[in-house]
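Have a look at coords.cif below; it lists mmCIF, C-alpha atoms.
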```
data_upload
#
loop_
_atom_site.label_atom_id
_atom_site.label_comp_id
_atom_site.auth_asym_id
_atom_site.auth_seq_id
_atom_site.Cartn_x
_atom_site.Cartn_y
_atom_site.Cartn_z
CA MET X 1 92.10 49.37 96.61
CA LEU X 2 94.97 50.18 98.99
CA PRO X 3 96.56 53.64 98.76
CA ALA X 4 99.84 53.82 96.88
CA LYS X 5 103.00 53.48 98.97
CA THR X 6 105.10 56.59 98.42
CA VAL X 7 108.73 57.10 99.47
CA ALA X 8 110.66 60.36 99.30
CA LEU X 9 114.30 60.11 98.26
CA ILE X 10 116.24 63.22 99.30
CA VAL X 11 119.49 63.73 97.39
CA SER X 12 122.02 65.26 99.78
CA ALA X 13 125.36 63.89 98.63
CA GLY X 14 126.64 67.01 96.88
CA ARG X 15 129.77 68.86 97.97
CA GLY X 16 128.65 72.30 96.76
CA ILE X 17 130.33 75.08 98.76
CA ARG X 18 129.72 77.93 96.28
CA ALA X 19 127.31 79.39 98.81
CA GLY X 20 130.17 79.76 101.29
CA GLY X 21 130.19 78.72 104.92
CA GLY X 22 132.97 76.15 104.61
CA MET X 23 130.61 73.16 104.38
CA PRO X 24 128.16 71.67 101.88
CA LYS X 25 125.24 74.04 101.47
CA GLN X 26 122.63 71.50 102.63
CA TYR X 27 124.14 71.58 106.11
CA ARG X 28 124.44 75.34 106.44
CA ARG X 29 121.83 76.89 108.67
CA ILE X 30 118.77 78.96 107.90
CA SER X 31 117.20 80.52 111.00
CA GLY X 32 119.10 78.12 113.24
CA LYS X 33 118.34 74.91 111.33
CA ALA X 34 120.23 73.13 108.56
CA VAL X 35 118.83 73.48 105.07
CA LEU X 36 118.38 69.71 105.03
CA THR X 37 116.37 69.86 108.27
CA HIS X 38 113.82 72.18 106.67
CA THR X 39 113.59 69.84 103.68
CA LEU X 40 113.16 66.73 105.82
CA HIS X 41 110.35 68.35 107.78
CA ALA X 42 108.40 69.11 104.60
CA PHE X 43 108.39 65.45 103.55
CA SER X 44 108.27 63.61 106.88
CA SER X 45 105.25 65.68 107.95
CA HIS X 46 103.29 65.08 104.73
CA GLU X 47 100.44 62.63 105.23
CA ALA X 48 100.94 60.95 101.83
CA ILE X 49 104.65 60.17 102.37
CA ASP X 50 105.19 56.74 103.93
CA ALA X 51 108.96 56.87 104.33
CA VAL X 52 111.92 59.19 103.71
CA ARG X 53 115.45 58.18 102.80
CA VAL X 54 118.40 60.53 102.37
CA VAL X 55 121.39 59.93 100.08
CA ILE X 56 124.50 61.42 101.71
CA HIS X 57 128.23 61.74 101.09
CA PRO X 58 130.29 59.21 103.08
CA ASP X 59 132.16 62.05 104.81
CA ASP X 60 128.98 63.78 106.02
CA GLN X 61 127.60 61.28 108.51
CA ALA X 62 128.08 63.55 111.52
CA LEU X 63 126.56 66.55 109.72
CA TYR X 64 123.66 64.38 108.60
CA ASP X 65 123.03 63.04 112.10
CA GLY X 66 122.70 66.59 113.40
CA ALA X 67 120.36 67.69 110.60
CA ALA X 68 118.18 64.58 110.81
CA ALA X 69 117.78 64.52 114.59
CA GLY X 70 114.14 64.24 115.64
CA HIS X 71 112.89 62.90 112.30
CA ASP X 72 111.66 59.35 111.72
CA LEU X 73 113.70 58.37 108.66
CA LEU X 74 115.02 55.31 106.91
CA PRO X 75 118.78 54.84 107.40
CA PRO X 76 120.76 56.99 104.96
CA VAL X 77 122.69 55.53 102.04
CA HIS X 78 125.90 56.76 100.45
CA GLY X 79 125.85 58.49 97.12
CA GLY X 80 128.14 58.29 94.12
CA ALA X 81 130.41 60.53 92.10
CA THR X 82 127.56 62.39 90.38
CA ARG X 83 124.00 63.28 91.29
CA GLN X 84 122.75 60.75 88.77
CA ASP X 85 124.85 58.02 90.42
CA SER X 86 123.52 59.08 93.83
CA VAL X 87 119.92 58.86 92.70
CA ARG X 88 120.47 55.42 91.17
CA LEU X 89 122.09 54.12 94.34
CA GLY X 90 119.27 55.58 96.40
CA LEU X 91 116.65 53.96 94.19
CA GLU X 92 118.40 50.60 94.34
CA SER X 93 118.41 50.82 98.14
CA LEU X 94 114.60 51.18 98.10
CA SER X 95 113.98 47.99 96.12
CA GLU X 96 113.34 45.90 99.22
CA LEU X 97 110.58 48.33 100.29
CA GLU X 98 108.75 47.88 96.97
CA PRO X 99 107.17 51.36 96.92
CA ASP X 100 104.59 52.25 94.28
CA TYR X 101 105.83 55.83 93.87
CA VAL X 102 109.09 57.60 94.60
CA LEU X 103 109.60 61.35 94.84
CA ILE X 104 113.19 62.45 94.14
CA HIS X 105 114.02 65.81 95.69
CA ASP X 106 117.09 68.02 96.04
CA ALA X 107 118.06 68.65 99.66
CA ALA X 108 118.87 72.26 98.75
CA ARG X 109 115.19 73.03 98.02
CA PRO X 110 113.94 73.53 101.58
CA PHE X 111 110.77 75.50 100.77
CA ILE X 112 108.83 72.80 98.97
CA SER X 113 105.16 73.13 99.87
CA ALA X 114 102.76 70.41 100.93
CA ASN X 115 100.49 71.39 98.03
CA THR X 116 103.22 70.82 95.44
CA ILE X 117 104.06 67.42 96.95
CA SER X 118 100.38 66.50 96.80
CA ASP X 119 100.07 67.70 93.19
CA VAL X 120 103.00 65.57 92.06
CA ILE X 121 101.63 62.48 93.82
CA GLY X 122 98.18 63.14 92.41
CA ALA X 123 99.51 63.27 88.85
CA LEU X 124 101.11 59.84 89.29
CA THR X 125 97.67 58.25 89.37
CA GLU X 126 97.47 58.99 85.63
CA TYR X 127 101.06 59.40 84.44
CA GLN X 128 104.34 57.47 84.79
CA GLY X 129 106.10 60.59 86.00
CA ALA X 130 105.36 64.13 87.14
CA ILE X 131 107.46 67.17 87.96
CA PRO X 132 106.69 70.68 89.23
CA ALA X 133 107.76 73.42 86.85
CA LEU X 134 107.28 77.11 86.15
CA ALA X 135 106.58 78.56 82.73
CA VAL X 136 109.43 80.64 81.29
CA THR X 137 108.28 84.26 81.19
CA ASP X 138 111.46 86.06 80.13
CA THR X 139 112.39 86.45 76.47
CA ILE X 140 114.97 83.79 75.64
CA LYS X 141 117.90 84.49 73.33
CA ARG X 142 120.35 82.09 71.73
CA ALA X 143 123.81 83.61 71.28
CA ASP X 144 127.02 82.56 69.53
CA ASP X 145 130.18 84.17 70.91
CA GLY X 146 128.03 86.70 72.75
CA ILE X 147 126.12 87.74 69.62
CA ILE X 148 122.38 86.99 69.47
CA SER X 149 121.63 84.50 66.76
CA GLN X 150 118.02 83.65 67.58
CA THR X 151 115.05 84.56 69.75
CA VAL X 152 113.70 81.29 71.10
CA ASP X 153 109.97 80.62 71.27
CA ARG X 154 109.27 80.40 75.01
CA SER X 155 105.61 79.30 74.77
CA ALA X 156 106.49 75.65 75.42
CA LEU X 157 109.44 76.20 77.79
CA TRP X 158 109.33 75.35 81.52
CA ARG X 159 111.80 75.62 84.41
CA ALA X 160 111.96 72.24 86.12
CA GLN X 161 111.91 71.88 89.90
CA THR X 162 111.81 68.97 92.33
CA PRO X 163 110.39 66.72 93.74
CA GLN X 164 110.20 64.71 90.56
CA GLY X 165 107.84 61.80 91.07
CA PHE X 166 107.71 58.46 89.26
CA HIS X 167 106.33 54.97 89.42
CA PHE X 168 109.15 53.20 91.22
CA GLY X 169 109.88 50.23 88.98
CA PRO X 170 110.10 52.15 85.70
CA ILE X 171 112.33 54.95 87.06
CA LEU X 172 114.68 52.47 88.73
CA ALA X 173 115.02 50.61 85.43
CA ALA X 174 115.50 53.90 83.58
CA HIS X 175 118.32 54.99 85.90
CA GLN X 176 120.04 51.63 85.63
CA GLU X 177 119.81 51.80 81.83
CA ALA X 178 121.18 55.37 81.84
CA LYS X 179 124.25 54.45 83.94
CA GLY X 180 127.32 56.06 82.40
CA ARG X 181 125.34 58.68 80.49
CA GLU X 182 125.11 62.22 81.85
CA LEU X 183 121.54 63.55 81.91
CA THR X 184 120.46 66.79 83.56
CA ASP X 185 117.68 65.57 85.86
CA ASP X 186 115.51 62.57 86.65
CA ALA X 187 112.85 63.67 84.19
CA ALA X 188 115.51 63.54 81.45
CA VAL X 189 116.35 59.99 82.53
CA ALA X 190 112.66 59.12 82.34
CA GLU X 191 112.29 60.76 78.93
CA ALA X 192 115.27 58.78 77.59
CA ALA X 193 113.50 55.60 78.68
CA GLY X 194 110.29 56.62 76.92
CA LEU X 195 108.31 57.38 80.09
CA GLN X 196 105.54 59.97 79.92
CA VAL X 197 106.17 62.81 82.38
CA LYS X 198 103.45 65.29 83.34
CA ILE X 199 104.13 68.90 84.38
CA VAL X 200 102.29 70.29 87.40
CA LEU X 201 102.52 73.92 88.42
CA GLY X 202 105.49 74.63 90.67
CA SER X 203 106.12 77.56 93.00
CA ASP X 204 108.51 80.49 92.85
CA ARG X 205 109.15 79.88 96.57
CA ASN X 206 110.59 76.45 95.76
CA ILE X 207 114.06 77.88 95.23
CA LYS X 208 117.24 75.84 94.98
CA ILE X 209 119.89 77.31 97.25
CA THR X 210 123.10 77.77 95.33
CA SER X 211 124.70 81.12 96.18
CA THR X 212 125.24 83.38 99.16
CA GLU X 213 122.41 85.57 97.86
CA ASP X 214 120.10 82.56 97.98
CA PHE X 215 120.76 82.18 101.71
CA ALA X 216 119.76 85.79 102.27
CA ARG X 217 116.50 85.18 100.41
CA ALA X 218 116.00 81.94 102.32
CA GLU X 219 116.18 83.75 105.65
CA THR X 220 113.44 86.10 104.43
CA LEU X 221 111.26 83.16 103.35
CA VAL X 222 111.67 81.39 106.69
CA GLN X 223 110.70 84.55 108.53
CA ALA X 224 107.63 84.94 106.32
CA ASN X 225 106.66 81.30 106.91
CA GLN X 226 107.03 81.70 110.67
CA GLU X 227 104.90 84.82 110.70
CA SER X 228 102.27 83.14 108.54
CA ALA X 229 102.20 80.09 110.80
CA MET X 230 101.60 82.33 113.80
CA MET X 231 98.61 84.05 112.20
CA SER X 232 95.18 82.73 111.37
CA SER X 233 93.01 84.07 108.55
CA LYS X 234 89.31 84.38 109.35
CA THR X 235 86.35 85.49 107.28
CA GLY X 236 83.06 87.05 108.37
CA LEU X 237 79.79 87.70 106.53
CA GLY X 238 77.52 90.70 107.11
CA TYR X 239 74.05 91.54 105.80
CA ASP X 240 71.73 94.46 106.47
CA VAL X 241 68.54 96.04 105.13
CA HIS X 242 66.98 99.49 105.57
CA ARG X 243 63.72 100.82 104.13
CA PHE X 244 63.27 104.19 102.49
CA GLU X 245 61.50 107.15 104.08
CA PRO X 246 61.02 110.73 102.89
CA GLY X 247 64.29 112.56 102.37
CA ASP X 248 66.75 113.79 99.77
CA ALA X 249 69.89 111.61 100.19
CA VAL X 250 71.11 108.22 101.41
CA THR X 251 74.36 107.55 103.24
CA LEU X 252 76.32 104.61 101.80
CA CYS X 253 79.85 103.70 102.93
CA GLY X 254 80.00 107.04 104.71
CA ILE X 255 79.22 109.01 101.54
CA ASP X 256 76.05 111.09 101.12
CA VAL X 257 74.43 110.16 97.80
CA PRO X 258 71.61 112.41 96.50
CA HIS X 259 68.31 110.55 96.10
CA THR X 260 64.56 111.05 96.27
CA ALA X 261 64.44 109.37 99.69
CA LYS X 262 66.62 108.55 102.66
CA LEU X 263 67.08 105.35 104.64
CA ALA X 264 65.20 104.87 107.89
CA GLY X 265 67.01 103.62 110.96
CA HIS X 266 67.97 104.29 114.57
CA SER X 267 71.39 105.58 113.50
CA ASP X 268 72.16 107.23 110.14
CA ALA X 269 71.03 103.93 108.53
CA ASP X 270 74.20 103.44 106.46
CA VAL X 271 73.26 99.95 105.32
CA ALA X 272 76.70 99.27 103.77
CA LEU X 273 78.68 100.23 106.88
CA HIS X 274 76.33 98.14 109.02
CA ALA X 275 76.93 95.09 106.83
CA ILE X 276 80.70 95.60 106.91
CA THR X 277 80.65 96.07 110.69
CA ASP X 278 78.81 92.76 111.11
CA ALA X 279 81.27 91.07 108.75
CA VAL X 280 84.28 92.26 110.79
CA LEU X 281 82.65 91.30 114.09
CA GLY X 282 81.66 87.97 112.58
CA ALA X 283 85.25 87.23 111.56
CA LEU X 284 86.25 87.89 115.17
CA GLY X 285 83.42 85.75 116.53
CA ASP X 286 82.44 88.85 118.52
CA GLY X 287 78.68 89.06 118.16
CA ASP X 288 77.00 91.55 115.87
CA ILE X 289 76.31 95.26 115.64
CA GLY X 290 73.12 94.96 117.72
CA ASP X 291 75.03 93.38 120.61
CA HIS X 292 77.39 96.33 120.89
CA PHE X 293 75.06 99.14 119.77
CA PRO X 294 71.49 98.12 120.68
CA PRO X 295 68.75 100.15 118.96
CA SER X 296 67.06 100.48 122.34
CA ASP X 297 69.92 102.66 123.58
CA PRO X 298 69.07 106.35 122.91
CA GLN X 299 72.74 107.37 122.71
CA TRP X 300 72.95 105.79 119.25
CA LYS X 301 69.96 107.72 117.90
CA GLY X 302 71.11 109.29 114.64
CA ALA X 303 74.73 108.24 115.28
CA PRO X 304 77.08 108.18 112.28
CA SER X 305 77.69 104.56 111.36
CA HIS X 306 81.41 105.03 110.88
CA LYS X 307 81.67 104.93 114.68
CA PHE X 308 80.37 101.35 114.62
CA LEU X 309 82.88 100.26 112.01
CA GLU X 310 85.75 102.04 113.75
CA PHE X 311 84.78 100.15 116.91
CA ALA X 312 84.89 96.81 115.05
CA ALA X 313 88.27 97.65 113.52
CA GLU X 314 89.61 98.58 116.96
CA ARG X 315 88.42 95.19 118.30
CA VAL X 316 90.59 93.54 115.63
CA ARG X 317 93.62 95.63 116.62
CA GLN X 318 93.07 94.82 120.30
CA ARG X 319 93.63 91.19 119.36
CA GLU X 320 96.85 92.17 117.55
CA GLY X 321 95.21 91.42 114.22
CA GLU X 322 94.59 93.32 111.02
CA ILE X 323 91.81 93.63 108.47
CA THR X 324 93.25 92.38 105.20
CA HIS X 325 90.29 92.74 102.82
CA VAL X 326 86.71 94.01 102.68
CA ASP X 327 84.19 93.38 99.90
CA VAL X 328 80.73 94.96 100.04
CA THR X 329 77.85 94.67 97.58
CA ILE X 330 75.05 97.24 97.66
CA ILE X 331 71.71 95.94 96.35
CA CYS X 332 69.25 98.49 94.98
CA GLU X 333 67.62 99.80 91.83
CA ARG X 334 68.44 103.40 92.69
CA PRO X 335 70.47 105.48 93.42
CA LYS X 336 73.32 104.52 91.11
CA VAL X 337 76.39 103.57 93.09
CA GLY X 338 78.96 103.54 90.27
CA PRO X 339 79.65 107.31 90.17
CA HIS X 340 80.39 107.26 93.92
CA ARG X 341 82.33 103.99 94.16
CA ASP X 342 85.82 105.50 94.32
CA ALA X 343 84.78 107.98 97.01
CA MET X 344 83.23 105.12 99.00
CA ARG X 345 86.42 103.07 98.79
CA ARG X 346 88.51 106.03 99.94
CA ARG X 347 86.16 106.67 102.87
CA LEU X 348 86.28 103.02 103.90
CA SER X 349 90.07 103.17 103.69
CA GLU X 350 90.04 106.11 106.13
CA ILE X 351 87.66 104.41 108.57
CA LEU X 352 89.44 101.03 108.55
CA SER X 353 93.01 102.34 108.14
CA ILE X 354 93.72 99.85 105.36
CA PRO X 355 94.80 100.47 101.74
CA VAL X 356 92.15 101.31 99.14
CA ALA X 357 93.50 98.36 97.13
CA ASP X 358 92.19 96.03 99.84
CA ILE X 359 88.62 97.33 99.54
CA SER X 360 85.98 96.41 96.98
CA VAL X 361 82.63 98.17 96.57
CA LYS X 362 80.14 96.72 94.11
CA ALA X 363 76.48 97.25 93.30
CA THR X 364 73.76 95.15 91.75
CA THR X 365 69.99 95.10 91.25
CA THR X 366 67.43 92.35 91.75
CA GLU X 367 65.93 92.83 88.29
CA LYS X 368 62.87 94.61 89.75
CA LEU X 369 62.15 91.65 92.06
CA GLY X 370 61.55 91.85 95.81
CA PHE X 371 61.52 94.89 98.08
CA THR X 372 64.69 96.34 96.55
CA GLY X 373 63.23 95.81 93.09
CA ARG X 374 60.13 97.69 94.15
CA GLU X 375 62.45 100.45 95.42
CA GLU X 376 61.23 100.12 98.98
CA GLY X 377 64.73 100.08 100.43
CA ILE X 378 68.37 99.05 100.08
CA ALA X 379 70.20 95.88 101.15
CA ALA X 380 73.92 95.27 101.52
CA GLN X 381 76.06 92.23 102.06
CA ALA X 382 79.73 92.24 102.98
CA VAL X 383 82.64 89.88 103.47
CA ALA X 384 85.58 90.83 105.68
CA THR X 385 88.85 88.94 105.96
CA ILE X 386 91.06 89.43 109.00
CA SER X 387 94.36 88.01 110.19
CA VAL X 388 94.80 87.40 113.91
CA PRO X 389 97.33 85.52 116.05
CA ARG X 390 96.55 81.86 116.51
#
```
Can you present the structure in this file as structure tokens?
Amino acid sequence: MLPAKTVALIVSAGRGIRAGGGMPKQYRRISGKAVLTHTLHAFSSHEAIDAVRVVIHPDDQALYDGAAAGHDLLPPVHGGATRQDSVRLGLESLSELEPDYVLIHDAARPFISANTISDVIGALTEYQGAIPALAVTDTIKRADDGIISQTVDRSALWRAQTPQGFHFGPILAAHQEAKGRELTDDAAVAEAAGLQVKIVLGSDRNIKITSTEDFARAETLVQANQESAMMSSKTGLGYDVHRFEPGDAVTLCGIDVPHTAKLAGHSDADVALHAITDAVLGALGDGDIGDHFPPSDPQWKGAPSHKFLEFAAERVRQREGEITHVDVTIICERPKVGPHRDAMRRRLSEILSIPVADISVKATTTEKLGFTGREEGIAAQAVATISVPR
């Protein structure tokens, strides 16, 4: 079975200048590029989109040419007096292409994600239509002349976004049938025609630019996207084991915990810090703790293990990165870790110079099985997540 042919129809024929700037908002710039340019990139770069067509105002050809430069697009078509007219004209222009699916999207929503596009297309394999939407979380009031008359049940209410996706033939017929009637969006047109429309989860980043304040927020979102694109998230796994020997305390996550034994090792045998150190070095692809602090080297005899972890954290900073999260699990029957967990998290926060909220310390047993179950020693495993420049 051949994959469905999917076309994106970008509606850019509006004349909205409420956002200021002296031109339609879709041609105003965010971080040096027109709003429409950001939108076009999202669709033309998506692997499931076969073609993109833009519906424009007849007076905006020059503005459109500038915004569309560098993108492989179908020729634009002119819109009508209303958005609904523009969508219908755009759909009619696609008839000769005979697409299976069409995604109808507002040009003024430049932060549509690839995941949302994929989710809408995916839903079309089962439903005649699909739209992204966000559940209404605020309390909704109905008011008459400014006086509350009713509190509306919000449990079934959603805020619709675009792209709104449909099987092409049915939505074209629905728009042609709805000609002359004013409906609020394409899903409403579909509903009027009896089409079943599925909701997929939208995104609060998928904002529609309408006001001057929206442009300020858009600049912040572009900056965040650029910074994210320049960074790469990496994850490392660490594991360590130490046996018990005679003593009266164990050191875990830099905290001395009273016990009937201590842990044996070349350093202070802090099994948790060793596991975290290996996890950080593993995320960097920078060997392991034994490569940098070999047990054969007498200078590390009895050394406090926080020095090893501080070294690993410094290696991350040298690469202009940051440790974003650490999760360590201590595996033993005794001593009990729970009473010391908060102190361990605070100590790790000091060593790594990251917030306590980004650190998790857990403990578990092996149900009396294995060497930890026989209380012969303690094991620890850790996961570290770092962010470094690409």
List every residue of stretch 154-207 of chain X that has an atom at most 9 Å from any atom of stretch 5-15 of chain X, and for each one report the closest atom pair and its distance in Å to one decimal, counting all atoms listed in the file, with rows sorted by chain and then by increasing residue number, as JSON lines.
```
{"residue": "X:Pro163", "atom": "CA", "partner": "X:Ala8", "partner_atom": "CA", "distance": 8.5}
{"residue": "X:Gly165", "atom": "CA", "partner": "X:Ala8", "partner_atom": "CA", "distance": 8.8}
{"residue": "X:Phe168", "atom": "CA", "partner": "X:Thr6", "partner_atom": "CA", "distance": 8.9}
```
*Which residues, written as an MDAnalysis selection string, have at least one atom at most 6 Å from X:Thr37, with all atoms listed in the file counted and residues fewer than 3 positions away on the same chain left out?*
chainID X and resid 34 40 67
*asked:* Once the PyMOL selection byres ((chain X and resi 112) around 9) has been evaluated on this model, what residues remain selected, and can you format them as a VMD selection string?
replied: chain X and resid 39 42 to 43 109 to 111 113 to 117 162 to 163 203 205 to 207
*asked:* Taking only C-alpha atoms into account, name the residue in X:Val337, X:Leu36, X:Ala178, X:Ala382 that is nearest to X:Gln84.
replied: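 Among the listed residues, the smallest separation from X:Gln84 belongs to X:Ala178.
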Can you pull out the residues contacting stretch 128-138 of chain X? Cut-off 7 Å, using all atoms listed in the file, and skip same-chain residues under 2 positions away; I want them as a PDB file with C-alpha atoms, in the frame of the given file.
```pdb
ATOM      1  CA  VAL X 120     103.000  65.570  92.060  1.00  0.00           C
ATOM      2  CA  ALA X 123      99.510  63.270  88.850  1.00  0.00           C
ATOM      3  CA  LEU X 124     101.110  59.840  89.290  1.00  0.00           C
ATOM      4  CA  ILE X 140     114.970  83.790  75.640  1.00  0.00           C
ATOM      5  CA  ARG X 154     109.270  80.400  75.010  1.00  0.00           C
ATOM      6  CA  LEU X 157     109.440  76.200  77.790  1.00  0.00           C
ATOM      7  CA  TRP X 158     109.330  75.350  81.520  1.00  0.00           C
ATOM      8  CA  ARG X 159     111.800  75.620  84.410  1.00  0.00           C
ATOM      9  CA  ALA X 160     111.960  72.240  86.120  1.00  0.00           C
ATOM     10  CA  GLN X 161     111.910  71.880  89.900  1.00  0.00           C
ATOM     11  CA  THR X 162     111.810  68.970  92.330  1.00  0.00           C
ATOM     12  CA  PRO X 163     110.390  66.720  93.740  1.00  0.00           C
ATOM     13  CA  GLN X 164     110.200  64.710  90.560  1.00  0.00           C
ATOM     14  CA  GLY X 165     107.840  61.800  91.070  1.00  0.00           C
ATOM     15  CA  PHE X 166     107.710  58.460  89.260  1.00  0.00           C
ATOM     16  CA  HIS X 167     106.330  54.970  89.420  1.00  0.00           C
ATOM     17  CA  LEU X 195     108.310  57.380  80.090  1.00  0.00           C
ATOM     18  CA  GLN X 196     105.540  59.970  79.920  1.00  0.00           C
ATOM     19  CA  VAL X 197     106.170  62.810  82.380  1.00  0.00           C
ATOM     20  CA  LYS X 198     103.450  65.290  83.340  1.00  0.00           C
ATOM     21  CA  ILE X 199     104.130  68.900  84.380  1.00  0.00           C
ATOM     22  CA  VAL X 200     102.290  70.290  87.400  1.00  0.00           C
ATOM     23  CA  LEU X 201     102.520  73.920  88.420  1.00  0.00           C
ATOM     24  CA  GLY X 202     105.490  74.630  90.670  1.00  0.00           C
ATOM     25  CA  SER X 203     106.120  77.560  93.000  1.00  0.00           C
TER      26      SER X 203
END
```
*Answer key for the PyMOL selection byres ((chain X and resi 305) around 12), residues as a PyMOL selection string*: chain X and resi 251-255+265-278+289+293+300-304+306-312+348+351
*Pick from X:Asp144, X:Thr125, X:Ala4, X:Ala156, whichever lies nearest to X:Pro99 using all atoms listed in the file*: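 Of X:Asp144, X:Thr125, X:Ala4, X:Ala156, the one nearest X:Pro99 is X:Ala4, counting all atoms listed in the file.
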*With distances taken over all atoms listed in the file, which of X:Arg53, X:His259, X:Arg29, X:Arg315 is nearest to X:Gly285?*
X:Arg315
*Would you kindly translate the PyMOL selection byres ((chain X and resi 334) around 12) into the concrete residues it picks from this file, as a PyMOL selection string?*
chain X and resi 244+249-250+257-262+330-333+335-338+363-368+372-379
*Write out as a ChimeraX atom specification which residues come within 6 Å of X:Val326 when counting only C-alpha atoms, dropping same-chain ones fewer than 2 positions away.*
/X:359,383-384
Contacts of X:Val388 at 9 Å or less, counting only C-alpha atoms, minus same-chain residues fewer than 4 places along, as an mmCIF file with C-alpha atoms, in the coordinates of the input?
```
data_model
loop_
_atom_site.group_PDB
_atom_site.id
_atom_site.type_symbol
_atom_site.label_atom_id
_atom_site.label_comp_id
_atom_site.auth_asym_id
_atom_site.auth_seq_id
_atom_site.Cartn_x
_atom_site.Cartn_y
_atom_site.Cartn_z
ATOM 1 C CA MET X 230 101.600 82.330 113.800
ATOM 2 C CA MET X 231 98.610 84.050 112.200
ATOM 3 C CA SER X 232 95.180 82.730 111.370
ATOM 4 C CA SER X 233 93.010 84.070 108.550
ATOM 5 C CA LYS X 234 89.310 84.380 109.350
ATOM 6 C CA LEU X 284 86.250 87.890 115.170
ATOM 7 C CA VAL X 316 90.590 93.540 115.630
ATOM 8 C CA ARG X 317 93.620 95.630 116.620
ATOM 9 C CA ARG X 319 93.630 91.190 119.360
ATOM 10 C CA GLU X 320 96.850 92.170 117.550
ATOM 11 C CA GLY X 321 95.210 91.420 114.220
ATOM 12 C CA GLU X 322 94.590 93.320 111.020
ATOM 13 C CA ILE X 323 91.810 93.630 108.470
#
```
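Taking atom CA of X:Gly80 and atom CA of X:Tyr27 as the two end points, the separation is 18.3 Å.
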*Please indicate the distance in Å from atom CA of X:His46 to atom CA of X:Asp85, rounded to one decimal place.*
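Value for the atom CA of X:His46-atom CA of X:Asp85 distance: 26.8 Å.
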*Distance query X:Asp214 at most 12 Å, all atoms listed in the file, self and fewer than 4 positions along chain excluded, as a PyMOL selection string*: chain X and resi 18-20+25+28+30+35+108-110+205-210+218-221
Using C-alpha atoms, can you export the residues from the last selection as a PDB file, keeping the file's coordinate frame?
```pdb
ATOM      1  CA  ARG X  18     129.720  77.930  96.280  1.00  0.00           C
ATOM      2  CA  ALA X  19     127.310  79.390  98.810  1.00  0.00           C
ATOM      3  CA  GLY X  20     130.170  79.760 101.290  1.00  0.00           C
ATOM      4  CA  LYS X  25     125.240  74.040 101.470  1.00  0.00           C
ATOM      5  CA  ARG X  28     124.440  75.340 106.440  1.00  0.00           C
ATOM      6  CA  ILE X  30     118.770  78.960 107.900  1.00  0.00           C
ATOM      7  CA  VAL X  35     118.830  73.480 105.070  1.00  0.00           C
ATOM      8  CA  ALA X 108     118.870  72.260  98.750  1.00  0.00           C
ATOM      9  CA  ARG X 109     115.190  73.030  98.020  1.00  0.00           C
ATOM     10  CA  PRO X 110     113.940  73.530 101.580  1.00  0.00           C
ATOM     11  CA  ARG X 205     109.150  79.880  96.570  1.00  0.00           C
ATOM     12  CA  ASN X 206     110.590  76.450  95.760  1.00  0.00           C
ATOM     13  CA  ILE X 207     114.060  77.880  95.230  1.00  0.00           C
ATOM     14  CA  LYS X 208     117.240  75.840  94.980  1.00  0.00           C
ATOM     15  CA  ILE X 209     119.890  77.310  97.250  1.00  0.00           C
ATOM     16  CA  THR X 210     123.100  77.770  95.330  1.00  0.00           C
ATOM     17  CA  ALA X 218     116.000  81.940 102.320  1.00  0.00           C
ATOM     18  CA  GLU X 219     116.180  83.750 105.650  1.00  0.00           C
ATOM     19  CA  THR X 220     113.440  86.100 104.430  1.00  0.00           C
ATOM     20  CA  LEU X 221     111.260  83.160 103.350  1.00  0.00           C
TER      21      LEU X 221
END
```
*So what do you get for atom CA of X:His175 versus atom CA of X:Arg88, distance-wise?*
5.7 Å
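Using all atoms listed in the file, the shortest contact distance between X:Pro24 and any of X:Ser211, X:Ser353, X:Ser296, X:Ser360 is found at X:Ser211.
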